[in-house]
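Notes for the one structure printed next.
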Amino acid sequence: MAQRISESFVLGTTIGQYDQRKPFTLEPSWFARGAVIVGTPGVGKSHDIALIARNLGNTGVAVVILDRTGEHAKALSNLPYCTVYTPGENLPISLLEADHGWADDEVVESAIDMLSHYVQVSFPEGRSLTASQEKILGNCVQKLLEATPKGKIPRITDLMKIVREYHEPQAYQGLIESRESVISRLRPLTVGASRMVFDSEESLSFETFFGPGIHVIELSALRFEQPKNLVSQIVIKRLYHMAKEKGVSDDLRQLLIVDEAHHIAPDRRDYTSFLDSIMIENRKYGQGILVATTSPAQLSMSLLRNASILVSHLLNDGEDINLMLRLMVNEDEWDLFRSYFMELNMGEAMVRVSTPEHVPKTKVKVSE
């Protein structure tokens, strides 16, 4: 594999009245400031992701793709510098696996934090864990750690068993309801392929995902959305903390690509996702994120506002179009650029890049 280089690569060619058929290039370092790709299904988002992943992965950057549907694994698996990881097969995941040197009480708090994020994005009511639910989970996780032999990885089904049997000497009003609520939220993690993921007795060092090349985590083997959310959140959180531990970097060390990102980073004022935290905090650590969604109105506004690179393919919904216009152009340019948005063909996109050097808003035909 080639050594990492800092040279730009061509996203496509400019088209339109103001700039004709010139190469439109992106600098790898720009991705450390975040990127967002939006567009209706079938207009080119997946193609953009593959193009960016190939160009960065082939030059030594670690590219991690959370592939919710399996399409990126299919498109990229033939590359010699691409590895596909399937949860339950070659990607064991443990909710409670601690970093080296963690005390049990730190593991407990980390697990509660993770499950709180999981609950907020995975269930219709969109609420966090209640104080009673946190207490039940904390006590049960502590019991699980005490019951798990040294050197073994705690299993989700063992946690579920402890929760089912949970009681307190002095029962209080709402205890049973809280316990049943915890059980209902853990249940999707303990069936079918999900159980194989969270009950694995093996372990994989997340340091692997800082190695050069493309690492595709294929989530399509998981039938339900809840375990897809949790696996995604576990991966993102651990990579987020590992990047900070590696220290400051002027280079793009790792690009984390999350497709269908609105599932784990929704537009909610009362919720800050791990992706939001990375976009705000981790650019100085050489970790960038690229998120894609079919509907920007459903995606975290924090991600949209803080992204350095915005790529908008064809959008059909008026709310989505107006949102991207507000983010990408000045109000006095709305009428002109609205026509550009409405006339985009497959493979064409409006691109805005915010960097120290000026890059004009551009209509681009993405390279084949």
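Simple scheme: letters A, B, ... for chains in structure tokens order, numbers from 1 for residues in each chain, numbers from 1 for ligands in the order shown.
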Backbone-only DSSP, strand (DSSP E or B) members of stretch 254-294 of chain A, as a ChimeraX atom specification: /A:254-258,266,287-293
Residues of stretch 69-92 of chain A that have any atom at most 10 Å from an atom of stretch 41-64 of chain A: could you tabulate them with the shortest-distance atom pair and the distance in Å to one decimal, using only C-alpha atoms, ordered by chain and increasing number, as a tab-separated table?
```
residue	atom	partner	partner_atom	distance
A:Glu71	CA	A:Ser46	CA	8.0
A:His72	CA	A:Ala50	CA	7.2
A:Ala73	CA	A:Ala50	CA	9.9
A:Ala75	CA	A:Ala50	CA	7.5
A:Leu76	CA	A:Ala50	CA	7.2
A:Leu79	CA	A:Arg54	CA	8.6
A:Pro80	CA	A:Asn58	CA	9.3
A:Tyr81	CA	A:Asn58	CA	6.9
A:Cys82	CA	A:Gly57	CA	8.0
A:Thr83	CA	A:Val64	CA	9.8
A:Val84	CA	A:Val64	CA	10.0
```
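Non-sequential neighbours of A:Val108 (distance at most 8 Å, separation of 6 or more positions within a chain, only C-alpha atoms) are Leu96, Gly138, Val141 and Gln142 of chain A.
The residue set within 7 Å of stretch 111-123 of chain A, counting only C-alpha atoms and dropping same-chain residues fewer than 2 places from it, reads Leu95, Leu96, Val107, Val108, Glu109, Glu125, Gly126, Arg127, Ser128, Leu129, Glu134, Leu137, Gly138, Gln226, Asn229, Leu230, His263 and Ile264 of chain A.
Proximity of A:Phe337, A:Phe274, A:Tyr240, A:Tyr166 to A:Met350, computed with only C-alpha atoms, is greatest for A:Phe337.
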Surrounding residues of stretch 252-259 of chain A excluding itself and chain neighbours under 5 positions, 7 Å, only C-alpha atoms, as a PyMOL selection string: chain A and resi 28-29+32+61-68+210+286-293
Using only C-alpha atoms: which of A:Gly192, A:Pro87, A:Ser249, A:Arg185 has the shortest distance to A:Ser232: A:Pro87
Top pick for closest residue to A:Ser300, considering A:Thr14, A:Asn345, A:Ser110, A:Thr272 and counting only C-alpha atoms: A:Thr272
A:Lys74 environment, 10 Å, only C-alpha atoms, sequence neighbours closer than 5 positions dropped, as a VMD selection string: chain A and resid 69 84 216 218
Excluding same-chain residues fewer than 4 positions from A:Trp30, what lies within 10 Å of it counting only C-alpha atoms, as a PDB file with C-alpha atoms, in the first residue's frame?
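Contents of part_1.pdb, as written:
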```pdb
ATOM      1  CA  SER A   8      -5.869  16.498  -3.025  1.00  0.00           C
ATOM      2  CA  LEU A  26     -10.871  17.997  -2.074  1.00  0.00           C
ATOM      3  CA  GLY A  34     -16.460  17.067   9.050  1.00  0.00           C
ATOM      4  CA  ALA A  35     -18.495  16.340   5.924  1.00  0.00           C
ATOM      5  CA  ASP A 251      -2.836  14.841   9.477  1.00  0.00           C
ATOM      6  CA  LEU A 252      -6.122  13.110   8.832  1.00  0.00           C
ATOM      7  CA  ARG A 283     -10.754  17.695  14.443  1.00  0.00           C
ATOM      8  CA  GLY A 288     -12.933  13.259  10.838  1.00  0.00           C
ATOM      9  CA  ALA A 307     -19.430  20.375   8.786  1.00  0.00           C
ATOM     10  CA  SER A 308     -16.721  21.848   6.601  1.00  0.00           C
ATOM     11  CA  ILE A 309     -17.925  20.002   3.495  1.00  0.00           C
ATOM     12  CA  VAL A 353     -16.594  23.846   1.364  1.00  0.00           C
ATOM     13  CA  SER A 354     -15.731  26.070   4.337  1.00  0.00           C
ATOM     14  CA  THR A 355     -11.961  26.195   4.741  1.00  0.00           C
ATOM     15  CA  PRO A 356      -9.316  28.847   5.498  1.00  0.00           C
TER      16      PRO A 356
END
```
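Counting only C-alpha atoms and comparing A:Val10, A:Leu304, A:Arg268, A:Lys363, the residue that lies closest to A:Pro23 is A:Val10.
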